[in-house]
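*Asks:* My structure is in structure31.pdb, and what it holds is PDB, C-alpha atoms, pLDDT in the B column:
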```
ATOM      1  CA  MET A  25       0.000   0.000   0.000  1.00 44.00           C
ATOM      2  CA  ALA A  26       1.351   3.384  -0.971  1.00 45.00           C
ATOM      3  CA  ARG A  27       1.958   6.011   1.679  1.00 53.00           C
ATOM      4  CA  PRO A  28       0.050   9.280   1.317  1.00 52.00           C
ATOM      5  CA  GLY A  29       2.025  11.547  -0.978  1.00 70.00           C
ATOM      6  CA  ASP A  30       4.163   8.673  -2.273  1.00 85.00           C
ATOM      7  CA  ARG A  31       4.795   9.271  -5.949  1.00 94.00           C
ATOM      8  CA  ARG A  32       5.971   5.731  -6.692  1.00 97.00           C
ATOM      9  CA  PRO A  33       2.536   4.342  -7.688  1.00 97.00           C
ATOM     10  CA  LEU A  34       1.855   7.423  -9.827  1.00 97.00           C
ATOM     11  CA  ILE A  35       5.215   7.060 -11.563  1.00 98.00           C
ATOM     12  CA  ALA A  36       4.707   3.316 -12.092  1.00 98.00           C
ATOM     13  CA  ASP A  37       1.243   3.921 -13.576  1.00 98.00           C
ATOM     14  CA  HIS A  38       2.653   6.496 -15.978  1.00 98.00           C
ATOM     15  CA  ALA A  39       5.492   4.126 -16.888  1.00 98.00           C
ATOM     16  CA  ILE A  40       2.845   1.527 -17.764  1.00 98.00           C
ATOM     17  CA  ALA A  41       1.034   4.097 -19.901  1.00 98.00           C
ATOM     18  CA  MET A  42       4.278   5.008 -21.697  1.00 97.00           C
ATOM     19  CA  LEU A  43       4.998   1.334 -22.411  1.00 98.00           C
ATOM     20  CA  ALA A  44       1.473   0.729 -23.677  1.00 97.00           C
ATOM     21  CA  ASP A  45       1.498   3.787 -25.891  1.00 97.00           C
ATOM     22  CA  GLY A  46       5.010   3.719 -27.311  1.00 96.00           C
ATOM     23  CA  GLY A  47       6.611   0.387 -26.477  1.00 96.00           C
ATOM     24  CA  ALA A  48       9.752  -0.255 -24.460  1.00 95.00           C
ATOM     25  CA  ARG A  49      11.773   2.427 -26.256  1.00 96.00           C
ATOM     26  CA  ALA A  50       9.338   5.108 -25.116  1.00 97.00           C
ATOM     27  CA  LEU A  51      10.058   4.370 -21.465  1.00 97.00           C
ATOM     28  CA  THR A  52      12.525   6.972 -20.234  1.00 97.00           C
ATOM     29  CA  HIS A  53      12.715   8.782 -16.937  1.00 98.00           C
ATOM     30  CA  GLN A  54      12.111  12.164 -18.577  1.00 97.00           C
ATOM     31  CA  ALA A  55       9.170  10.864 -20.625  1.00 97.00           C
ATOM     32  CA  VAL A  56       7.525   9.583 -17.441  1.00 98.00           C
ATOM     33  CA  ASP A  57       8.176  12.934 -15.721  1.00 98.00           C
ATOM     34  CA  ARG A  58       6.494  14.781 -18.601  1.00 97.00           C
ATOM     35  CA  ASP A  59       3.571  12.355 -18.850  1.00 96.00           C
ATOM     36  CA  ALA A  60       2.953  12.469 -15.079  1.00 96.00           C
ATOM     37  CA  GLY A  61       3.308  16.258 -14.930  1.00 95.00           C
ATOM     38  CA  LEU A  62       6.250  15.991 -12.535  1.00 96.00           C
ATOM     39  CA  ALA A  63       9.367  18.110 -12.359  1.00 95.00           C
ATOM     40  CA  ILE A  64      12.199  16.756 -14.505  1.00 96.00           C
ATOM     41  CA  GLY A  65      14.281  14.426 -12.371  1.00 97.00           C
ATOM     42  CA  SER A  66      11.410  13.221 -10.174  1.00 96.00           C
ATOM     43  CA  THR A  67      11.276   9.743 -11.706  1.00 98.00           C
ATOM     44  CA  SER A  68      15.063   9.432 -11.440  1.00 97.00           C
ATOM     45  CA  TYR A  69      14.865  10.404  -7.777  1.00 97.00           C
ATOM     46  CA  TYR A  70      12.550   7.482  -6.985  1.00 97.00           C
ATOM     47  CA  PHE A  71      13.889   4.988  -9.541  1.00 98.00           C
ATOM     48  CA  ARG A  72      17.570   5.644 -10.224  1.00 98.00           C
ATOM     49  CA  THR A  73      17.982   3.206 -13.109  1.00 97.00           C
ATOM     50  CA  ARG A  74      15.894   2.022 -16.019  1.00 95.00           C
ATOM     51  CA  ASP A  75      15.940  -1.442 -14.473  1.00 92.00           C
ATOM     52  CA  ALA A  76      14.419  -0.019 -11.280  1.00 95.00           C
ATOM     53  CA  LEU A  77      11.740   1.764 -13.319  1.00 97.00           C
ATOM     54  CA  VAL A  78      10.941  -1.439 -15.226  1.00 94.00           C
ATOM     55  CA  ALA A  79      10.772  -3.351 -11.924  1.00 92.00           C
ATOM     56  CA  ALA A  80       8.343  -0.749 -10.553  1.00 96.00           C
ATOM     57  CA  ALA A  81       6.099  -1.071 -13.616  1.00 96.00           C
ATOM     58  CA  VAL A  82       6.126  -4.877 -13.362  1.00 93.00           C
ATOM     59  CA  ALA A  83       5.354  -4.743  -9.629  1.00 93.00           C
ATOM     60  CA  ARG A  84       2.490  -2.326 -10.258  1.00 96.00           C
ATOM     61  CA  ILE A  85       0.996  -4.548 -12.976  1.00 95.00           C
ATOM     62  CA  ARG A  86       1.267  -7.523 -10.610  1.00 92.00           C
ATOM     63  CA  GLU A  87      -0.491  -5.475  -7.923  1.00 94.00           C
ATOM     64  CA  HIS A  88      -3.357  -4.663 -10.306  1.00 94.00           C
ATOM     65  CA  SER A  89      -3.535  -8.331 -11.343  1.00 91.00           C
ATOM     66  CA  ARG A  90      -3.635  -9.523  -7.744  1.00 90.00           C
ATOM     67  CA  MET A  91      -6.505  -7.129  -7.018  1.00 92.00           C
ATOM     68  CA  ALA A  92      -8.351  -8.339 -10.128  1.00 90.00           C
ATOM     69  CA  PHE A  93      -7.901 -11.999  -9.142  1.00 86.00           C
ATOM     70  CA  GLU A  94      -9.082 -11.297  -5.590  1.00 87.00           C
ATOM     71  CA  ALA A  95     -12.104  -9.350  -6.824  1.00 89.00           C
ATOM     72  CA  ALA A  96     -13.270 -12.243  -9.008  1.00 85.00           C
ATOM     73  CA  PRO A  97     -13.653 -15.457  -7.013  1.00 84.00           C
ATOM     74  CA  LEU A  98     -14.035 -18.728  -8.892  1.00 85.00           C
ATOM     75  CA  PRO A  99     -17.604 -19.467  -9.927  1.00 90.00           C
ATOM     76  CA  GLU A 100     -19.753 -21.901  -7.998  1.00 90.00           C
ATOM     77  CA  PRO A 101     -20.776 -24.436  -8.975  1.00 93.00           C
ATOM     78  CA  LEU A 102     -17.625 -25.005 -10.975  1.00 94.00           C
ATOM     79  CA  SER A 103     -18.104 -26.631 -14.364  1.00 95.00           C
ATOM     80  CA  VAL A 104     -16.370 -26.415 -17.717  1.00 95.00           C
ATOM     81  CA  GLN A 105     -19.024 -23.917 -18.802  1.00 96.00           C
ATOM     82  CA  THR A 106     -18.817 -21.663 -15.734  1.00 96.00           C
ATOM     83  CA  ALA A 107     -15.011 -21.846 -15.695  1.00 95.00           C
ATOM     84  CA  SER A 108     -14.748 -20.944 -19.377  1.00 96.00           C
ATOM     85  CA  ALA A 109     -17.152 -18.009 -18.894  1.00 95.00           C
ATOM     86  CA  PHE A 110     -15.088 -16.833 -15.901  1.00 95.00           C
ATOM     87  CA  ILE A 111     -11.823 -17.042 -17.860  1.00 95.00           C
ATOM     88  CA  ALA A 112     -13.327 -15.365 -20.942  1.00 95.00           C
ATOM     89  CA  GLU A 113     -14.485 -12.489 -18.728  1.00 94.00           C
ATOM     90  CA  HIS A 114     -10.968 -12.108 -17.299  1.00 94.00           C
ATOM     91  CA  LEU A 115      -9.508 -12.085 -20.809  1.00 95.00           C
ATOM     92  CA  HIS A 116     -12.076  -9.498 -21.909  1.00 94.00           C
ATOM     93  CA  SER A 117     -11.092  -7.327 -18.932  1.00 94.00           C
ATOM     94  CA  LEU A 118      -7.425  -7.517 -19.963  1.00 95.00           C
ATOM     95  CA  ALA A 119      -8.323  -6.474 -23.502  1.00 94.00           C
ATOM     96  CA  THR A 120     -10.488  -3.545 -22.376  1.00 94.00           C
ATOM     97  CA  GLU A 121     -10.224  -2.061 -18.855  1.00 95.00           C
ATOM     98  CA  ARG A 122      -6.691  -3.381 -18.311  1.00 96.00           C
ATOM     99  CA  ARG A 123      -5.511  -2.919 -21.901  1.00 97.00           C
ATOM    100  CA  GLU A 124      -2.629  -0.592 -20.942  1.00 97.00           C
ATOM    101  CA  GLN A 125      -1.251  -3.156 -18.521  1.00 97.00           C
ATOM    102  CA  ALA A 126      -1.504  -5.969 -21.071  1.00 97.00           C
ATOM    103  CA  LEU A 127       0.247  -3.880 -23.738  1.00 98.00           C
ATOM    104  CA  ALA A 128       2.960  -2.887 -21.248  1.00 97.00           C
ATOM    105  CA  VAL A 129       3.656  -6.545 -20.447  1.00 96.00           C
ATOM    106  CA  ILE A 130       3.955  -7.390 -24.134  1.00 95.00           C
ATOM    107  CA  ALA A 131       6.224  -4.381 -24.723  1.00 96.00           C
ATOM    108  CA  LEU A 132       8.556  -5.446 -21.916  1.00 94.00           C
ATOM    109  CA  LEU A 133       8.857  -9.151 -22.765  1.00 92.00           C
ATOM    110  CA  PRO A 134      11.774  -8.761 -25.219  1.00 92.00           C
ATOM    111  CA  GLU A 135      13.569  -6.444 -22.816  1.00 87.00           C
ATOM    112  CA  VAL A 136      13.439  -8.867 -19.883  1.00 86.00           C
ATOM    113  CA  ALA A 137      14.031 -12.063 -21.870  1.00 87.00           C
ATOM    114  CA  LYS A 138      17.524 -12.544 -20.415  1.00 88.00           C
ATOM    115  CA  ASP A 139      16.649 -11.407 -16.886  1.00 84.00           C
ATOM    116  CA  SER A 140      15.095 -14.454 -15.232  1.00 83.00           C
ATOM    117  CA  GLU A 141      13.697 -12.547 -12.246  1.00 84.00           C
ATOM    118  CA  HIS A 142      11.873  -9.897 -14.299  1.00 83.00           C
ATOM    119  CA  ARG A 143      10.928 -12.427 -16.996  1.00 86.00           C
ATOM    120  CA  ASP A 144       9.333 -14.805 -14.490  1.00 85.00           C
ATOM    121  CA  SER A 145       7.578 -11.984 -12.661  1.00 84.00           C
ATOM    122  CA  LEU A 146       6.309 -10.475 -15.901  1.00 86.00           C
ATOM    123  CA  GLY A 147       5.226 -13.889 -17.159  1.00 83.00           C
ATOM    124  CA  ARG A 148       2.877 -14.212 -14.190  1.00 84.00           C
ATOM    125  CA  CYS A 149       1.433 -10.696 -14.415  1.00 86.00           C
ATOM    126  CA  LEU A 150      -1.635 -11.331 -16.528  1.00 91.00           C
ATOM    127  CA  PHE A 151      -2.536 -14.980 -16.008  1.00 91.00           C
ATOM    128  CA  SER A 152      -1.959 -17.047 -12.891  1.00 87.00           C
ATOM    129  CA  HIS A 153      -0.403 -20.456 -13.574  1.00 88.00           C
ATOM    130  CA  GLU A 154      -1.270 -21.456 -10.009  1.00 88.00           C
ATOM    131  CA  LEU A 155      -4.932 -20.502 -10.409  1.00 89.00           C
ATOM    132  CA  ALA A 156      -5.063 -22.240 -13.798  1.00 91.00           C
ATOM    133  CA  ARG A 157      -3.636 -25.399 -12.229  1.00 92.00           C
ATOM    134  CA  GLU A 158      -6.110 -25.298  -9.320  1.00 91.00           C
ATOM    135  CA  LEU A 159      -8.972 -24.725 -11.732  1.00 92.00           C
ATOM    136  CA  THR A 160      -8.033 -27.521 -14.142  1.00 93.00           C
ATOM    137  CA  ILE A 161      -7.533 -30.009 -11.295  1.00 93.00           C
ATOM    138  CA  ALA A 162     -10.889 -28.990  -9.753  1.00 92.00           C
ATOM    139  CA  LEU A 163     -12.506 -29.676 -13.131  1.00 93.00           C
ATOM    140  CA  GLY A 164     -11.043 -33.178 -13.183  1.00 92.00           C
ATOM    141  CA  CYS A 165      -8.055 -32.705 -15.477  1.00 90.00           C
ATOM    142  CA  ASP A 166      -5.135 -35.062 -14.921  1.00 86.00           C
ATOM    143  CA  PRO A 167      -2.671 -33.111 -12.730  1.00 84.00           C
ATOM    144  CA  SER A 168       0.289 -34.830 -14.397  1.00 79.00           C
ATOM    145  CA  ARG A 169      -0.660 -33.300 -17.761  1.00 78.00           C
ATOM    146  CA  GLU A 170       0.306 -29.737 -18.580  1.00 89.00           C
ATOM    147  CA  ILE A 171      -3.246 -28.547 -19.199  1.00 90.00           C
ATOM    148  CA  ALA A 172      -2.870 -25.458 -16.988  1.00 92.00           C
ATOM    149  CA  ASP A 173       0.281 -24.306 -18.797  1.00 92.00           C
ATOM    150  CA  ASP A 174      -1.380 -24.999 -22.154  1.00 92.00           C
ATOM    151  CA  LEU A 175      -4.380 -22.958 -21.046  1.00 94.00           C
ATOM    152  CA  VAL A 176      -2.203 -19.993 -20.027  1.00 94.00           C
ATOM    153  CA  ASP A 177      -0.338 -20.209 -23.355  1.00 93.00           C
ATOM    154  CA  LEU A 178      -3.649 -20.272 -25.234  1.00 94.00           C
ATOM    155  CA  LEU A 179      -4.925 -17.261 -23.285  1.00 95.00           C
ATOM    156  CA  THR A 180      -1.722 -15.297 -23.847  1.00 94.00           C
ATOM    157  CA  GLY A 181      -1.909 -15.926 -27.588  1.00 93.00           C
ATOM    158  CA  ARG A 182      -5.598 -15.095 -27.682  1.00 93.00           C
ATOM    159  CA  LEU A 183      -4.956 -11.844 -25.789  1.00 95.00           C
ATOM    160  CA  ILE A 184      -2.297 -10.829 -28.316  1.00 94.00           C
ATOM    161  CA  SER A 185      -4.703 -11.612 -31.177  1.00 92.00           C
ATOM    162  CA  ILE A 186      -7.394  -9.476 -29.569  1.00 92.00           C
ATOM    163  CA  LEU A 187      -5.110  -6.564 -28.649  1.00 93.00           C
ATOM    164  CA  PHE A 188      -3.598  -6.298 -32.110  1.00 92.00           C
ATOM    165  CA  GLY A 189      -6.661  -7.276 -34.152  1.00 87.00           C
ATOM    166  CA  LEU A 190      -4.938 -10.268 -35.739  1.00 82.00           C
ATOM    167  CA  ARG A 191      -8.202 -12.208 -35.878  1.00 75.00           C
ATOM    168  CA  PRO A 192     -11.075  -9.794 -35.300  1.00 71.00           C
ATOM    169  CA  GLU A 193     -13.548 -12.641 -34.804  1.00 69.00           C
ATOM    170  CA  SER A 194     -11.474 -13.931 -31.872  1.00 64.00           C
ATOM    171  CA  GLY A 195     -12.338 -10.840 -29.851  1.00 64.00           C
ATOM    172  CA  SER A 196     -15.895 -11.791 -28.981  1.00 84.00           C
ATOM    173  CA  LYS A 197     -16.474 -13.189 -25.512  1.00 89.00           C
ATOM    174  CA  ALA A 198     -18.659 -15.983 -26.903  1.00 92.00           C
ATOM    175  CA  THR A 199     -15.960 -17.137 -29.336  1.00 92.00           C
ATOM    176  CA  THR A 200     -13.304 -16.914 -26.646  1.00 92.00           C
ATOM    177  CA  GLN A 201     -15.462 -18.820 -24.185  1.00 94.00           C
ATOM    178  CA  ALA A 202     -16.092 -21.598 -26.727  1.00 94.00           C
ATOM    179  CA  THR A 203     -12.347 -21.912 -27.405  1.00 93.00           C
ATOM    180  CA  ILE A 204     -11.546 -22.104 -23.692  1.00 94.00           C
ATOM    181  CA  GLU A 205     -14.331 -24.621 -23.177  1.00 94.00           C
ATOM    182  CA  ARG A 206     -12.855 -26.878 -25.885  1.00 93.00           C
ATOM    183  CA  CYS A 207      -9.412 -26.625 -24.277  1.00 91.00           C
ATOM    184  CA  LEU A 208     -10.736 -27.498 -20.828  1.00 92.00           C
ATOM    185  CA  GLN A 209     -12.906 -30.320 -22.159  1.00 91.00           C
ATOM    186  CA  ALA A 210      -9.909 -31.802 -23.995  1.00 89.00           C
ATOM    187  CA  GLY A 211      -7.968 -31.765 -20.731  1.00 85.00           C
ATOM    188  CA  ILE A 212     -10.649 -33.767 -18.958  1.00 83.00           C
ATOM    189  CA  GLU A 213     -10.986 -36.462 -21.620  1.00 73.00           C
TER
END
```
What is this file in structure tokens?
*Replies:*
Amino acid sequence: MARPGDRRPLIADHAIAMLADGGARALTHQAVDRDAGLAIGSTSYYFRTRDALVAAAVARIREHSRMAFEAAPLPEPLSVQTASAFIAEHLHSLATERREQALAVIALLPEVAKDSEHRDSLGRCLFSHELARELTIALGCDPSREIADDLVDLLTGRLISILFGLRPESGSKATTQATIERCLQAGIE
């Protein structure tokens, strides 16, 4: 939780906006200062290096994701249909209300590819492997199979398709839900 008057969350949110709008190259300390309406040097005061600024953006995205996961408990009763509707809703949220965060994650992936700590943290920002595993096991999927990882990979690819309009028809919640349902059903059989 941020302290009153703490500029770190504000700076991290503006860093996310810069990443979403202009990609990783757009993220500079001065650009964040300008975008946030802060005096030049403010971002550098709180986050001395680019790596520290990237870490702050990743931590902030993870914070937003954690709040989103906590605000949306698993459906009851749990079935393939209710689970797929739940997941499709989460994906829709990432493509709409949380679009900036999703774009920021995608923009940062190449930059953190060789940094295992940031890469792993960023890789868990949008979709929870742990929640996917719990969900697939609760649905009756074989825990020894990699259904949860496959599901997260499918969702990541689908999110990219939606965000960049690669397959416009894939953006509808109904189409997404049907795809997720097929994936989950295949994991049970």
*Asks:* Applied to this file, what does the PyMOL selection byres ((chain A and resi 165) around 9) return in terms of residues, put as number ranges by chain?
*Replies:* A: 159-164, 166-169, 171, 208-213
*Asks:* List every protein, DNA or RNA residue that has an atom no more than 10 Å from (-1.9, -4.5, -20.0) in the file's coordinate frame, counting all atoms listed in the file, and report them as a list in words.
*Replies:*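 Residues found, by chain and rising number: Ile40, Ala41, Leu43, Ala44, Ile85, His88, Ser89, Ser117, Leu118, Ala119, Thr120, Glu121, Arg122, Arg123, Glu124, Gln125, Ala126, Leu127, Ala128, Val129, Ile130, Ala131, Cys149, Leu150, Leu183 and Leu187 of chain A.
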*Asks:* Do you know which residues the PyMOL selection byres ((chain A and resi 152) around 10) returns on this file, as a list in words?
*Replies:*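 In the shown coordinates, the PyMOL selection byres ((chain A and resi 152) around 10) covers Ser89, Arg90, Phe93, Gly147, Arg148, Cys149, Leu150, Phe151, His153, Glu154, Leu155, Ala156, Arg157, Glu158, Ala172, Asp173 and Val176 of chain A.
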*Asks:* May I ask for the distance between CA of Ala92 in chain A and CA of His116 in chain A, given in Å to one decimal place?
*Replies:* 12.4 Å
*Asks:* Residues within 12 Å of Pro99 in chain A, please, as a count of residues only. Count all atoms listed in the file; anything in the same chain fewer than 4 positions from it doesn't count.
*Replies:* 14
*Asks:* Let me make sure I understand: among A:Leu190, A:Pro134, A:Leu77, A:Leu146, which one has the smallest atom-to-atom distance to Ala55 in chain A if we use only C-alpha atoms?
*Replies:*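 The answer is A:Leu77, which sits nearest to Ala55 in chain A.
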*Asks:* Mind checking which residues fall within 10 Å of His142 in chain A, counting all atoms listed in the file, ignoring those fewer than 6 positions away in the same chain, and posting them as number ranges by chain?
*Replies:* A: 75, 78-79, 82-83, 132-133, 135-136, 148
*Asks:* Can you work out the spacing between CA of Ala76 in chain A and CA of Ala60 in chain A in Å, to one decimal?
*Replies:* 17.4 Å
*Asks:* What are the centre and edge lengths in Å, to one decimal, of the axis-aligned box around all listed atoms of range 34-37 of chain A with 6 Å added on each side, as lines of an AutoDock Vina configuration file?
*Replies:*
```
center_x = 3.2
center_y = 5.4
center_z = -11.7
size_x = 16.0
size_y = 16.1
size_z = 15.7
```
*Asks:* I'd like to know which of A:Arg84, A:Tyr69, A:Ser185, A:Thr203 is closest to Asp37 in chain A, using only C-alpha atoms.
*Replies:*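 Of A:Arg84, A:Tyr69, A:Ser185, A:Thr203, the one nearest Asp37 in chain A, counting only C-alpha atoms, is A:Arg84.
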*Asks:* Please list as a list in words every residue within 9 Å of Arg31 in chain A, counting only C-alpha atoms and excluding residues in the same chain fewer than 5 positions away.
*Replies:*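 In the requested form, the answer reads Ala26, Ala36, Ser66, Thr67 and Tyr70 of chain A.
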*Asks:* Distance CA of Ala112 in chain A-CA of Ile186 in chain A, one decimal place?
*Replies:*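 If I compute the distance from CA of Ala112 in chain A to CA of Ile186 in chain A, I get 12.0 Å.
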*Asks:* Which residue out of A:Leu115, A:Ala137, A:Ala198, A:Ala50 has the minimum interatomic distance to Arg182 in chain A when all atoms listed in the file are used?
*Replies:*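 So, comparing all the options, the nearest one is A:Leu115.
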*Asks:* Of the candidates A:Lys197, A:Ser68, A:Cys207, A:Ser140, which shows the shortest atom-to-atom distance to Asp177 in chain A, using all atoms listed in the file?
*Replies:*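 Nearest to Asp177 in chain A: A:Cys207.
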